[in-house]
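Take a look at the structure set out below.
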Amino acid sequence: MQSQPRRRYPIALLSDFGYRDHYVGAMKGVIANIAPDAPLIDISHGIPPQSIIAGAIALRESWRYFPRRTVFLAVVDPGVGTTRRAIAIETAAGCRLVGPDNGLLFPAAKEAGIVRIVELTSQRHRLPRPSATFHGRDVFAPAAAYLWKGTRPAALGRAVEDIEPLDIAHPRVGGNELRGEVIYVDGYGNLVTNIDRASFMQFAARFSSRGLSVKIPSGASLPLCETYGEVPKGAPLATFGSFELLEVAIRDGSAARRFAAQSGMPVKVYVRK
Amino acid sequence: MQSQPRRRYPIALLSDFGYRDHYVGAMKGVIANIAPDAPLIDISHGIPPQSIIAGAIALRESWRYFPRRTVFLAVVDPGVGTTRRAIAIETAAGCRLVGPDNGLLFPAAKEAGIVRIVELTSQRHRLPRPSATFHGRDVFAPAAAYLWKGTRPAALGRAVEDIEPLDIAHPRVGGNELRGEVIYVDGYGNLVTNIDRASFMQFAARFSSRGLSVKIPSGASLPLCETYGEVPKGAPLATFGSFELLEVAIRDGSAARRFAAQSGMPVKVYVRK
Amino acid sequence: MQSQPRRRYPIALLSDFGYRDHYVGAMKGVIANIAPDAPLIDISHGIPPQSIIAGAIALRESWRYFPRRTVFLAVVDPGVGTTRRAIAIETAAGCRLVGPDNGLLFPAAKEAGIVRIVELTSQRHRLPRPSATFHGRDVFAPAAAYLWKGTRPAALGRAVEDIEPLDIAHPRVGGNELRGEVIYVDGYGNLVTNIDRASFMQFAARFSSRGLSVKIPSGASLPLCETYGEVPKGAPLATFGSFELLEVAIRDGSAARRFAAQSGMPVKVYVRK
């Protein structure tokens, strides 16, 4: 009985199911039935409802901190019941990703290196008579549990060539400005932009002897800081947050509320005169 | 030391304690003390405060997805500190249910088949000097942990004959209408009704050659759909959701907000002229 | 391989990271990498953002319910990136506490008995190139995971003499009154005060033959009750809650909303004429 090696990696779960209903619980119950020894770790179930981009970023920013062979089960699925495919992805990094083929898995899969994609068509690896509205429980959870137990991806369905992309716009350089936008508002009200540290460093290198600041549409000019502690409480700042993306923040406050900001708001890094 | 068989089923937790306070943590700490090897799976701790009906539905809709011998610990307990009983239930299906005797456990227990009910009166199977306000930690968590470890239900207290019922009203047929009501608003704003698929099929069979629609008090007439994808974004629909209950929903939106709806709102299935 | 004893205690997590972002997931991924067998139990990640006092109370009120050797990982860290220290504490009670040195750990550590404090300076026991804004993932999670695995605290950094205190004001006796204040509003809207049962009993003993009531600034006079059941639904009361602290509550309602109350509001126990 003990001949099988112990699997020391978890199934990590991410969804927009929220914390009010039983949806997450039912999904975990299905996993516990198929793979009772799988450690379950929640990344988040509070992804803003049906926000594929927010889910994709949360997955992309967390996958690399998990054990190498982790199975990620991600469900933000506005197209459930339509023709969107259900997929599992094997990656060069070692992890496996399971979820809808709507872009949600794309940024993490691209970073981890896509090795193989299968469409989850096997009737034997889903619940009997799956509902039209809850593939998290009926299709994705069983697939993740079987992968965790060692079922080969090829057994779960037919190979497919590619997946839906999700391209998060890159920041653009225009004259003395690096132009990006808010792509995500986090739970503290920090405004996460698409300006990554690499693009910023490249831009900054051109103006090494001069000061850079950040501007938003309200007209506010924000200091670029390494830490929140560089400004007084209640003051705005721009900093590279835990996403390694430029964030507009208020020390001990909510930038989303202060600037009435949401996804899509332009943010510029500019060279001070 | 390894003579005892490994228990491969979890303790599944459901409550209205929310995610802000330490209540859930303290309850789990008590379990970890008594049954350190028990896998703990949260169904939800975001049940609307003191809503026995919402908790009862969440438990009824999730229990069957868990391993057969799962111990369910459910606490929505507005009567804590009054004379309501604390109980544990053994079921024909194999699972055990622990919680207050206020109807919360009733729908799941009825489905699973009640075999034995005990009132949790044993002083040895609760924390010393239990508080008057937190039986989740002091009474229910120890009972669930002991059951998980193999303590016989009879050791936990005296047998009782029956439990508080919780009857969720059945839909009624009146002429050419099937009349139900909203019994629960989920986290997406979907309006879950008491119209189950079986009642609906029976009603629909009488009018097989004619079209059916759904009507709500705002006057809106909603198409009956298999999936959200059948209507455009932002459009209302009625569909059988993951509860196998008829739900009024907005594709990519909140029906609760759109229709200013709450529990008790009438919903009718009718035969189109 | 099985020569090492199984560790039957968890890592218990508490933070203000919320349930929307991937922060908690990334932190747990780091732990799963270093200590894949550690059971993870969430106390709460819904501590009001940057509220050190709320986090400190939640930790103080829950630590004693956990197994003796539990490692507590607590992160409410408005000073991240400033000069505040990162610490781990060994206690006489057996548990270990990891987090920022900003008062968060103080009340629990004081109760558990401080035996040794180390500043988390070891480069080998944190992620390479830790970010300036996310020490939960990069510094605290690795330290907690290594402690769980058996790494000696002394290996994690240099010993320090004392930690930042967090003094929750004691209630004061003035004439025929015991004067306290609201220090925390819980998720139900209950107003938790700094009036502990011991101070109350001492005060009450002086007036044993006379009735006591509770007064708040709105002028309302509240009955002192053992349980919610002693007042009708919707009525206010004062009771010793699960914190063993006097709470102002509304039966089946929110005292915070009813009395437009927040932390700092005075609450008095007085002798009725």
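Residue names in the structure tokens use chain letters A, B, ... in the order shown, residue numbers from 1 in each chain, and ligand numbers from 1 in the order shown.
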Long-range neighbours of Glu230 in chain A as a PyMOL selection string, 10 Å cut-off, only C-alpha atoms, 4 positions minimum in chain
(chain A and resi 223-226+235+237+251) or (chain C and resi 81-82)
Selection to disk with all heavy atoms, as a PDB file, in the first residue's frame:
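Heads up, here's the output in part30.pdb:
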```pdb
ATOM      1  N   PRO A 223       5.444  61.006  -6.621  1.00  0.00           N
ATOM      2  CA  PRO A 223       6.855  60.637  -6.516  1.00  0.00           C
ATOM      3  C   PRO A 223       7.029  59.130  -6.742  1.00  0.00           C
ATOM      4  O   PRO A 223       6.167  58.332  -6.371  1.00  0.00           O
ATOM      5  CB  PRO A 223       7.212  60.988  -5.078  1.00  0.00           C
ATOM      6  CG  PRO A 223       5.919  60.899  -4.337  1.00  0.00           C
ATOM      7  CD  PRO A 223       4.850  61.330  -5.316  1.00  0.00           C
ATOM      8  N   LEU A 224       8.143  58.767  -7.374  1.00  0.00           N
ATOM      9  CA  LEU A 224       8.505  57.359  -7.535  1.00  0.00           C
ATOM     10  C   LEU A 224       9.285  56.921  -6.305  1.00  0.00           C
ATOM     11  O   LEU A 224      10.349  57.464  -6.021  1.00  0.00           O
ATOM     12  CB  LEU A 224       9.389  57.195  -8.772  1.00  0.00           C
ATOM     13  CG  LEU A 224       8.654  56.860 -10.053  1.00  0.00           C
ATOM     14  CD1 LEU A 224       9.522  57.202 -11.254  1.00  0.00           C
ATOM     15  CD2 LEU A 224       8.288  55.376 -10.062  1.00  0.00           C
ATOM     16  N   CYS A 225       8.808  55.935  -5.602  1.00  0.00           N
ATOM     17  CA  CYS A 225       9.414  55.549  -4.326  1.00  0.00           C
ATOM     18  C   CYS A 225       9.780  54.070  -4.331  1.00  0.00           C
ATOM     19  O   CYS A 225       9.185  53.274  -5.051  1.00  0.00           O
ATOM     20  CB  CYS A 225       8.430  55.781  -3.183  1.00  0.00           C
ATOM     21  SG  CYS A 225       7.888  57.495  -3.048  1.00  0.00           S
ATOM     22  N   GLU A 226      10.763  53.742  -3.498  1.00  0.00           N
ATOM     23  CA  GLU A 226      11.081  52.335  -3.280  1.00  0.00           C
ATOM     24  C   GLU A 226      10.090  51.710  -2.294  1.00  0.00           C
ATOM     25  O   GLU A 226       9.749  50.549  -2.396  1.00  0.00           O
ATOM     26  CB  GLU A 226      12.507  52.173  -2.757  1.00  0.00           C
ATOM     27  CG  GLU A 226      13.572  52.121  -3.848  1.00  0.00           C
ATOM     28  CD  GLU A 226      13.293  51.041  -4.905  1.00  0.00           C
ATOM     29  OE1 GLU A 226      13.138  49.870  -4.514  1.00  0.00           O
ATOM     30  OE2 GLU A 226      13.216  51.384  -6.106  1.00  0.00           O
ATOM     31  N   ALA A 235      -0.394  60.283   1.797  1.00  0.00           N
ATOM     32  CA  ALA A 235       0.151  60.877   0.569  1.00  0.00           C
ATOM     33  C   ALA A 235       0.213  59.835  -0.542  1.00  0.00           C
ATOM     34  O   ALA A 235       0.401  58.651  -0.283  1.00  0.00           O
ATOM     35  CB  ALA A 235       1.548  61.432   0.832  1.00  0.00           C
ATOM     36  N   LEU A 237       1.772  57.963  -3.978  1.00  0.00           N
ATOM     37  CA  LEU A 237       3.097  57.618  -4.478  1.00  0.00           C
ATOM     38  C   LEU A 237       2.949  56.621  -5.610  1.00  0.00           C
ATOM     39  O   LEU A 237       1.866  56.071  -5.840  1.00  0.00           O
ATOM     40  CB  LEU A 237       3.971  57.011  -3.368  1.00  0.00           C
ATOM     41  CG  LEU A 237       3.587  55.607  -2.859  1.00  0.00           C
ATOM     42  CD1 LEU A 237       4.821  54.869  -2.354  1.00  0.00           C
ATOM     43  CD2 LEU A 237       2.545  55.734  -1.761  1.00  0.00           C
ATOM     44  N   ARG A 251      -0.307  55.972   0.790  1.00  0.00           N
ATOM     45  CA  ARG A 251       0.183  55.344   2.022  1.00  0.00           C
ATOM     46  C   ARG A 251      -0.945  55.267   3.045  1.00  0.00           C
ATOM     47  O   ARG A 251      -1.560  56.276   3.374  1.00  0.00           O
ATOM     48  CB  ARG A 251       1.372  56.122   2.589  1.00  0.00           C
ATOM     49  CG  ARG A 251       1.876  55.439   3.850  1.00  0.00           C
ATOM     50  CD  ARG A 251       3.177  55.973   4.367  1.00  0.00           C
ATOM     51  NE  ARG A 251       3.455  55.359   5.659  1.00  0.00           N
ATOM     52  CZ  ARG A 251       4.313  55.797   6.537  1.00  0.00           C
ATOM     53  NH1 ARG A 251       5.041  56.882   6.261  1.00  0.00           N
ATOM     54  NH2 ARG A 251       4.489  55.194   7.688  1.00  0.00           N
TER      55      ARG A 251
ATOM     56  N   GLY C  81       9.091  47.787   4.461  1.00  0.00           N
ATOM     57  CA  GLY C  81      10.003  48.593   3.671  1.00  0.00           C
ATOM     58  C   GLY C  81      10.629  49.740   4.461  1.00  0.00           C
ATOM     59  O   GLY C  81      11.541  50.397   3.975  1.00  0.00           O
ATOM     60  N   THR C  82      10.134  49.996   5.678  1.00  0.00           N
ATOM     61  CA  THR C  82      10.790  50.983   6.549  1.00  0.00           C
ATOM     62  C   THR C  82      11.761  50.218   7.453  1.00  0.00           C
ATOM     63  O   THR C  82      12.098  49.074   7.181  1.00  0.00           O
ATOM     64  CB  THR C  82       9.753  51.734   7.409  1.00  0.00           C
ATOM     65  OG1 THR C  82       9.167  50.820   8.337  1.00  0.00           O
ATOM     66  CG2 THR C  82       8.646  52.329   6.530  1.00  0.00           C
TER      67      THR C  82
END
```
Which of range 168-271 of chain C fall in strand (DSSP E), as an NGL selection string:
:C and (172-174 or 177-185 or 191-196 or 212-215 or 221-222 or 224-225 or 236-240 or 245-250 or 266-271)
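Comparing the minimum interatomic distances between Thr193 in chain A and each of A:Leu104, A:Val76, A:Leu245, A:Val24, counting only C-alpha atoms, we find that A:Leu245 sits nearest.
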If the cut-off is 7 Å, can you tell me the residues of chain B near chain A, counting only C-alpha atoms? I'd like them as number ranges by chain.
B: 8-9, 42-47, 58, 62, 65-67, 186-187, 226-229, 241-242, 252
Quick one: DSSP helix (DSSP H, G or I) residues in range 152-245 of chain B, as a count of residues only?
16
